[in-house]
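Next comes input-v3.txt, a file with compact mmCIF, C-alpha atoms and all ligand atoms.
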# COMPACT_ATOMS: atom_id res chain seq x y z
CA MET S 1 -128.10 184.64 164.33
CA THR S 2 -126.32 186.99 161.96
CA ALA S 3 -126.29 190.71 162.73
CA PRO S 4 -128.60 192.88 160.61
CA GLY S 5 -126.95 194.06 157.44
CA ALA S 6 -124.40 191.25 157.46
CA GLY S 7 -125.57 189.93 154.10
CA PRO S 8 -127.05 186.50 153.46
CA SER S 9 -127.76 184.90 156.81
CA ALA S 10 -126.67 181.42 157.72
CA GLY S 11 -129.78 181.35 159.92
CA ASP S 12 -130.04 177.77 161.10
CA GLY S 13 -127.08 176.77 159.00
CA PHE S 14 -126.43 175.41 155.56
CA VAL S 15 -127.38 172.15 153.91
CA ASP S 16 -126.29 170.34 150.73
CA LEU S 17 -129.06 168.39 149.03
CA GLN S 18 -127.19 166.69 146.19
CA THR S 19 -124.17 164.45 146.84
CA HIS S 20 -122.79 161.17 145.50
CA SER S 21 -120.85 158.28 147.04
CA THR S 22 -119.25 155.03 145.88
CA ALA S 23 -122.77 153.54 145.88
CA SER S 24 -122.85 155.13 142.41
CA ASP S 25 -120.13 157.25 140.81
CA GLY S 26 -118.73 159.22 143.75
CA ALA S 27 -115.15 158.84 144.93
CA LEU S 28 -115.80 158.34 148.64
CA PRO S 29 -117.82 155.79 150.60
CA PRO S 30 -121.01 157.17 152.23
CA ALA S 31 -119.35 157.33 155.66
CA ARG S 32 -116.58 159.54 154.30
CA VAL S 33 -119.06 161.85 152.55
CA VAL S 34 -120.84 162.38 155.88
CA GLU S 35 -117.54 162.95 157.70
CA GLU S 36 -116.69 165.62 155.16
CA ALA S 37 -120.12 167.20 155.69
CA ALA S 38 -119.44 167.37 159.43
CA ARG S 39 -115.98 168.79 158.79
CA VAL S 40 -117.31 171.67 156.67
CA GLY S 41 -120.09 172.36 159.19
CA LEU S 42 -123.20 171.34 157.24
CA VAL S 43 -126.28 170.60 159.34
CA ALA S 44 -127.78 168.24 156.76
CA ILE S 45 -126.99 166.56 153.46
CA ALA S 46 -129.00 164.48 151.03
CA LEU S 47 -127.16 161.48 149.60
CA THR S 48 -128.52 161.23 146.05
CA ASP S 49 -126.71 158.41 144.28
CA HIS S 50 -127.71 157.51 140.73
CA ASP S 51 -130.32 154.73 140.62
CA THR S 52 -129.56 153.32 144.07
CA MET S 53 -130.35 153.83 147.75
CA ALA S 54 -127.60 151.42 148.81
CA GLY S 55 -125.52 154.08 150.54
CA LEU S 56 -128.24 155.50 152.76
CA ALA S 57 -128.02 153.15 155.74
CA GLU S 58 -124.30 153.74 156.19
CA ALA S 59 -124.76 157.50 155.79
CA ALA S 60 -127.56 157.55 158.39
CA GLU S 61 -125.46 155.66 160.90
CA VAL S 62 -122.48 158.01 160.60
CA GLY S 63 -124.74 161.06 160.41
CA ALA S 64 -126.41 160.12 163.71
CA ARG S 65 -123.00 159.82 165.32
CA LEU S 66 -121.63 163.10 163.93
CA GLY S 67 -124.78 165.20 164.22
CA VAL S 68 -125.36 165.60 160.49
CA ARG S 69 -128.92 164.94 159.35
CA ILE S 70 -129.13 162.64 156.33
CA VAL S 71 -131.99 163.15 153.89
CA ASN S 72 -132.70 159.93 151.99
CA GLY S 73 -132.25 160.65 148.31
CA VAL S 74 -131.69 159.25 144.83
CA GLU S 75 -131.02 160.74 141.37
CA LEU S 76 -132.97 159.29 138.43
CA SER S 77 -132.30 159.81 134.73
CA THR S 78 -135.64 160.55 133.09
CA VAL S 79 -137.04 161.89 129.83
CA PHE S 80 -139.19 165.02 129.56
CA ARG S 81 -140.27 166.24 126.12
CA ARG S 82 -137.64 163.93 124.56
CA GLN S 83 -134.78 165.47 126.51
CA GLU S 84 -132.84 164.05 129.43
CA LEU S 85 -133.99 165.37 132.78
CA HIS S 86 -132.33 164.41 136.06
CA LEU S 87 -134.84 163.98 138.82
CA LEU S 88 -134.00 163.87 142.51
CA GLY S 89 -136.12 161.93 144.96
CA LEU S 90 -135.67 163.54 148.38
CA HIS S 91 -137.10 162.51 151.78
CA LEU S 92 -137.71 158.93 150.65
CA ARG S 93 -139.27 156.71 153.32
CA ASP S 94 -140.59 153.50 151.81
CA PHE S 95 -137.87 152.15 149.51
CA GLY S 96 -139.48 148.85 148.47
CA PRO S 97 -141.24 149.52 145.14
CA LEU S 98 -138.72 152.18 144.06
CA GLU S 99 -135.84 149.84 144.82
CA ALA S 100 -137.49 147.08 142.77
CA MET S 101 -137.86 149.45 139.83
CA LEU S 102 -134.27 150.69 140.08
CA ALA S 103 -132.90 147.15 140.08
CA ASP S 104 -133.92 146.93 136.41
CA TYR S 105 -132.12 150.19 135.65
CA ARG S 106 -128.95 148.97 137.32
CA VAL S 107 -129.04 145.78 135.23
CA ALA S 108 -129.39 147.98 132.13
CA ARG S 109 -126.47 150.14 133.31
CA ARG S 110 -124.23 147.07 133.51
CA ALA S 111 -125.26 145.87 130.05
CA ARG S 112 -124.56 149.35 128.71
CA ALA S 113 -121.10 149.42 130.34
CA GLU S 114 -120.38 146.11 128.58
CA GLN S 115 -121.47 147.65 125.27
CA ILE S 116 -119.24 150.67 125.84
CA VAL S 117 -116.26 148.42 126.59
CA ALA S 118 -116.97 146.39 123.44
CA ARG S 119 -117.04 149.58 121.38
CA LEU S 120 -113.79 150.78 122.88
CA VAL S 121 -112.13 147.44 122.13
CA SER S 122 -113.39 147.56 118.53
CA LEU S 123 -111.87 151.04 118.31
CA GLY S 124 -108.50 149.64 119.36
CA VAL S 125 -108.51 150.67 123.03
CA THR S 126 -107.15 148.14 125.52
CA ILE S 127 -109.76 147.86 128.26
CA THR S 128 -111.79 145.06 129.85
CA MET S 129 -114.97 144.88 131.89
CA ASP S 130 -112.78 143.83 134.84
CA ASP S 131 -111.01 147.20 134.64
CA VAL S 132 -114.39 148.93 134.88
CA GLU S 133 -115.63 146.67 137.70
CA ARG S 134 -112.57 147.58 139.73
CA GLN S 135 -113.61 151.24 139.58
CA ALA S 136 -117.26 150.50 140.40
CA THR S 137 -117.49 149.17 143.94
CA GLY S 138 -121.19 150.03 144.39
CA PRO S 139 -124.29 148.76 142.59
CA ALA S 140 -124.80 151.53 140.01
CA ILE S 141 -122.22 151.50 137.23
CA GLY S 142 -121.81 154.45 134.86
CA ARG S 143 -119.64 156.22 132.33
CA PRO S 144 -117.48 157.81 135.05
CA HIS S 145 -116.31 154.31 136.03
CA VAL S 146 -115.36 153.57 132.42
CA ALA S 147 -113.60 156.94 132.30
CA ARG S 148 -111.59 156.10 135.42
CA ALA S 149 -110.67 152.72 133.97
CA LEU S 150 -109.40 154.49 130.83
CA VAL S 151 -107.28 156.81 132.99
CA ALA S 152 -105.95 153.84 134.99
CA ARG S 153 -105.00 152.13 131.72
CA GLY S 154 -103.20 155.27 130.57
CA ALA S 155 -105.49 155.48 127.51
CA VAL S 156 -106.36 159.09 128.40
CA ALA S 157 -104.84 161.69 130.70
CA ASP S 158 -107.94 162.51 132.72
CA LEU S 159 -111.71 162.10 133.01
CA ARG S 160 -112.50 165.07 130.84
CA GLN S 161 -110.41 163.64 128.01
CA ALA S 162 -112.17 160.28 128.40
CA PHE S 163 -115.54 161.96 127.81
CA ASP S 164 -114.28 164.31 125.09
CA LYS S 165 -112.56 161.55 123.13
CA TRP S 166 -114.72 158.47 123.68
CA LEU S 167 -117.64 158.56 126.11
CA GLY S 168 -119.48 161.84 125.69
CA SER S 169 -122.67 162.21 123.68
CA GLY S 170 -121.84 161.87 119.97
CA ARG S 171 -118.38 160.43 120.65
CA PRO S 172 -117.42 157.02 119.17
CA ALA S 173 -117.96 154.88 122.30
CA PHE S 174 -121.13 156.65 123.45
CA VAL S 175 -124.01 154.33 124.31
CA ASP S 176 -127.29 155.79 125.48
CA LYS S 177 -128.88 154.89 128.77
CA LYS S 178 -132.23 153.36 129.68
CA ARG S 179 -134.37 156.17 131.04
CA LEU S 180 -137.87 156.40 132.41
CA GLU S 181 -140.54 158.94 131.58
CA VAL S 182 -140.43 161.81 134.04
CA ALA S 183 -144.07 161.27 135.05
CA ASP S 184 -143.21 157.68 136.01
CA GLY S 185 -140.19 158.89 137.99
CA ILE S 186 -142.32 161.42 139.85
CA ALA S 187 -144.93 158.75 140.60
CA ALA S 188 -142.30 156.30 141.87
CA ILE S 189 -140.80 158.96 144.15
CA HIS S 190 -144.23 159.86 145.49
CA ALA S 191 -145.00 156.20 146.12
CA ALA S 192 -141.82 156.09 148.22
CA GLY S 193 -143.11 159.05 150.27
CA GLY S 194 -140.59 161.46 148.77
CA LEU S 195 -140.50 164.78 146.97
CA ALA S 196 -139.63 164.94 143.27
CA VAL S 197 -137.14 167.72 142.51
CA TRP S 198 -135.72 168.74 139.12
CA ALA S 199 -131.94 168.56 139.40
CA HIS S 200 -129.76 171.25 137.78
CA PRO S 201 -132.28 172.53 135.19
CA GLY S 202 -129.95 175.32 134.11
CA ARG S 203 -131.18 177.15 131.01
CA ASP S 204 -133.82 174.47 130.42
CA GLY S 205 -135.59 175.72 133.54
CA THR S 206 -138.09 177.92 131.70
CA LYS S 207 -141.53 178.86 132.92
CA ASP S 208 -143.13 176.63 130.33
CA ALA S 209 -141.03 173.60 131.33
CA LEU S 210 -141.51 174.17 135.05
CA ARG S 211 -145.24 174.61 134.65
CA GLY S 212 -145.47 171.46 132.55
CA LEU S 213 -143.58 169.52 135.19
CA ALA S 214 -145.60 171.00 138.04
CA ASP S 215 -148.69 169.72 136.22
CA LEU S 216 -147.10 166.25 136.27
CA GLY S 217 -146.64 166.50 140.05
CA LEU S 218 -143.13 167.91 140.37
CA ASP S 219 -142.62 169.22 143.92
CA GLY S 220 -139.47 171.27 143.67
CA VAL S 221 -136.51 172.49 141.66
CA GLU S 222 -132.82 173.07 142.27
CA VAL S 223 -132.08 176.76 142.40
CA PHE S 224 -128.50 176.42 143.61
CA HIS S 225 -126.15 174.12 141.68
CA PRO S 226 -122.55 174.64 140.52
CA GLY S 227 -123.71 174.43 136.89
CA HIS S 228 -126.09 177.36 137.33
CA THR S 229 -125.26 180.91 136.32
CA PRO S 230 -126.33 183.80 138.55
CA ASP S 231 -129.11 184.39 136.03
CA ASP S 232 -130.29 180.76 136.35
CA ARG S 233 -130.45 181.17 140.12
CA LEU S 234 -132.51 184.33 140.00
CA ARG S 235 -134.88 183.16 137.27
CA ILE S 236 -135.51 179.72 138.78
CA ALA S 237 -135.98 181.07 142.32
CA LYS S 238 -138.59 183.50 141.02
CA LEU S 239 -140.38 180.85 138.95
CA ALA S 240 -140.38 178.43 141.89
CA ASP S 241 -142.13 181.00 144.06
CA GLU S 242 -144.56 181.86 141.29
CA LEU S 243 -145.47 178.24 140.57
CA GLY S 244 -145.53 177.02 144.18
CA LEU S 245 -142.49 174.77 143.73
CA LEU S 246 -140.13 174.07 146.63
CA LYS S 247 -136.57 175.31 146.32
CA SER S 248 -133.58 173.01 146.67
CA GLY S 249 -129.88 172.99 145.92
CA GLY S 250 -126.63 171.16 146.33
CA SER S 251 -123.03 170.87 145.25
CA ASP S 252 -123.55 167.59 143.30
CA TRP S 253 -120.25 166.62 144.89
CA HIS S 254 -118.57 163.43 143.66
CA GLY S 255 -115.50 163.61 145.92
CA GLN S 256 -111.99 164.07 144.63
CA PHE S 257 -113.03 163.73 140.97
CA ASP S 258 -114.73 167.09 141.11
CA GLY S 259 -111.53 169.09 141.47
CA PRO S 260 -112.34 172.48 142.91
CA ARG S 261 -116.04 171.70 143.34
CA GLN S 262 -116.58 171.36 147.09
CA LEU S 263 -119.19 169.86 149.36
CA GLY S 264 -121.34 172.62 150.85
CA ASN S 265 -120.13 175.32 148.47
CA GLN S 266 -123.65 176.19 147.29
CA GLN S 267 -124.61 177.52 150.75
CA VAL S 268 -128.17 176.23 150.57
CA PRO S 269 -130.13 177.68 153.52
CA ALA S 270 -131.56 175.23 156.05
CA ALA S 271 -134.85 177.12 155.70
CA TRP S 272 -135.31 175.51 152.27
CA LEU S 273 -135.00 172.09 153.86
CA ALA S 274 -137.51 173.11 156.56
CA ALA S 275 -140.00 174.07 153.82
CA GLN S 276 -139.49 170.66 152.23
CA ASP S 277 -140.09 168.99 155.60
CA ALA S 278 -143.32 170.93 155.98
CA ARG S 279 -144.52 169.72 152.56
CA VAL S 280 -143.66 166.10 153.42
CA ALA S 281 -145.50 166.38 156.74
CA ALA S 282 -148.54 167.99 155.12
CA ARG S 283 -148.68 165.27 152.49
CA ALA S 284 -148.35 162.52 155.09
CA ALA S 285 -151.29 164.13 156.90
CA GLY S 286 -153.25 164.03 153.64
CA ALA S 287 -153.31 167.78 153.18
CA ALA S 288 -151.16 168.25 150.07
P1 LIG D 1 -124.04 158.06 133.16
O1 LIG D 1 -125.16 158.24 134.17
O2 LIG D 1 -123.41 156.73 133.24
O3 LIG D 1 -124.45 158.45 131.76
O4 LIG D 1 -122.90 159.09 133.58
C1 LIG D 1 -123.23 160.45 133.71
C2 LIG D 1 -122.23 161.10 134.63
O5 LIG D 1 -121.00 161.24 133.94
C3 LIG D 1 -122.64 162.51 135.02
O6 LIG D 1 -123.41 162.52 136.18
C4 LIG D 1 -121.30 163.17 135.24
O7 LIG D 1 -120.87 162.91 136.59
C5 LIG D 1 -120.37 162.44 134.33
N1 LIG D 1 -120.08 163.19 133.09
C6 LIG D 1 -120.91 163.39 132.04
N2 LIG D 1 -120.29 164.11 131.08
C7 LIG D 1 -119.04 164.37 131.54
C8 LIG D 1 -117.90 165.07 131.03
N3 LIG D 1 -117.94 165.66 129.83
N4 LIG D 1 -116.79 165.13 131.80
C9 LIG D 1 -116.76 164.54 133.01
N5 LIG D 1 -117.79 163.86 133.55
C10 LIG D 1 -118.92 163.79 132.84
MN MN D 2 -127.28 164.99 137.43
MN MN D 3 -125.83 164.36 140.65

This entry written out as structure tokens:
Amino acid sequence: MTAPGAGPSAGDGFVDLQTHSTASDGALPPARVVEEAARVGLVAIALTDHDTMAGLAEAAEVGARLGVRIVNGVELSTVFRRQELHLLGLHLRDFGPLEAMLADYRVARRARAEQIVARLVSLGVTITMDDVERQATGPAIGRPHVARALVARGAVADLRQAFDKWLGSGRPAFVDKKRLEVADGIAAIHAAGGLAVWAHPGRDGTKDALRGLADLGLDGVEVFHPGHTPDDRLRIAKLADELGLLKSGGSDWHGQFDGPRQLGNQQVPAAWLAAQDARVAARAAGAA
């Protein structure tokens, strides 16, 4: 325990409830993400790869060995009021139906990567789908893999330039992604026994939006995220308490590609995870 007056208490330690591995667009395999979590002293992490749960078994195995709890997670790209909303599924238990649904989204991701490559080629950039496949070793392929292929080809200096010049929204090789309605994402996460959590709402995290989502069954919201300002943190924490939403947070770490962004740097208290556990247990008992 921390002495009184010592500032924010580590209490039962810190957790990090948003991370990515090579199962989607992270730099490190799941085992290495968990090793890093152990190295920085986290008591638990959620692995939340985009549109896939393929990394979870490996993470659980290494986590059991190293004493790091692994929360089964996923990050879905959804639409709420015509805008993109990233939705985390945390504490997933029954993967079957969710996995079947996500298989379609991964097929769409591959088709989209092919369209992006075709656009780039038509714009005079030398790149092939093989280049992209080499960067994507896991099942969920995305723009970051195309960006890395562009860097490997020497077409751009770094990932940021790849997005600014070609891949970002409104740029010449941008192709939109298949997304599901947020209500359907929430329902699929609930069917898998998990909690639906709004990832990095930032300034979009208004009372009106959070209330609307709570009405659709949203369970929680990220308060801590590297993209949040101090004002975002304060406002969202207050709204979460007011609306009965669980608090969550994470570094959204993608490994070496994130530069100074570090696993565990959001210092998410383990007490938030304990509150999530309580909600999961209550729901399993039919109480919530
Ligand atoms: P996708 O799901 O394929 O559309 O890829 C989205 C991912 O690309 C995000 O999760 C970020 O990791 C990354 N990304 C999006 N915009 C940028 C950017 N401007 N610079 C670097 N990475 C970006
Ligand atoms: Mn996201
Ligand atoms: Mn993420």

>> Within 9 Å of ligand LIG 1 (chain D) (counting all atoms listed in the file), which residues show up? I'd like them as an MDAnalysis selection string.
In response: chainID S and resid 25:26 50:51 76:77 109 112:113 140:147 159:164 167:169 175:177 252 254 257:258

Near-S:Gly67 list (9 Å; only C-alpha atoms; drop same-chain fewer than 4 positions) as a short mmCIF file (atom, residue, chain, number, x, y, z; two decimals) with C-alpha atoms, keeping the file's coordinate frame:
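Okay, this is what ended up in around36.cif:
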data_model
loop_
_atom_site.label_atom_id
_atom_site.label_comp_id
_atom_site.auth_asym_id
_atom_site.auth_seq_id
_atom_site.Cartn_x
_atom_site.Cartn_y
_atom_site.Cartn_z
CA ALA S 38 -119.44 167.37 159.43
CA VAL S 43 -126.28 170.60 159.34
CA ALA S 44 -127.78 168.24 156.76
CA VAL S 62 -122.48 158.01 160.60
CA GLY S 63 -124.74 161.06 160.41
#

Report as JSON lines: every residue of chain S with an atom at most 7 Å from ligand MN 2 (chain D), its closest pair of atoms, and their distance in Å to one decimal, counting all atoms listed in the file, with rows sorted by chain and ascending residue number.
{"residue": "S:Glu75", "atom": "CA", "partner": "D:MN2", "partner_atom": "MN", "distance": 6.9}
{"residue": "S:His86", "atom": "CA", "partner": "D:MN2", "partner_atom": "MN", "distance": 5.3}
{"residue": "S:Ala199", "atom": "CA", "partner": "D:MN2", "partner_atom": "MN", "distance": 6.2}
{"residue": "S:His200", "atom": "CA", "partner": "D:MN2", "partner_atom": "MN", "distance": 6.7}

>> Measuring between all atoms listed in the file, which one of S:Ala37, S:Val221, S:Leu28, S:Leu42 shows the shortest distance to S:Leu243?
In response: S:Val221

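Closest approach to ligand MN 3 (chain D) among S:Pro139, S:Pro29, S:Gly13, S:Gly255: S:Gly255, based on all atoms listed in the file.
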
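Distances to ligand MN 3 (chain D) were evaluated for S:Val68, S:Thr206, S:Pro230, S:Ser251 using only C-alpha atoms and all ligand atoms, and the minimum falls at S:Ser251.
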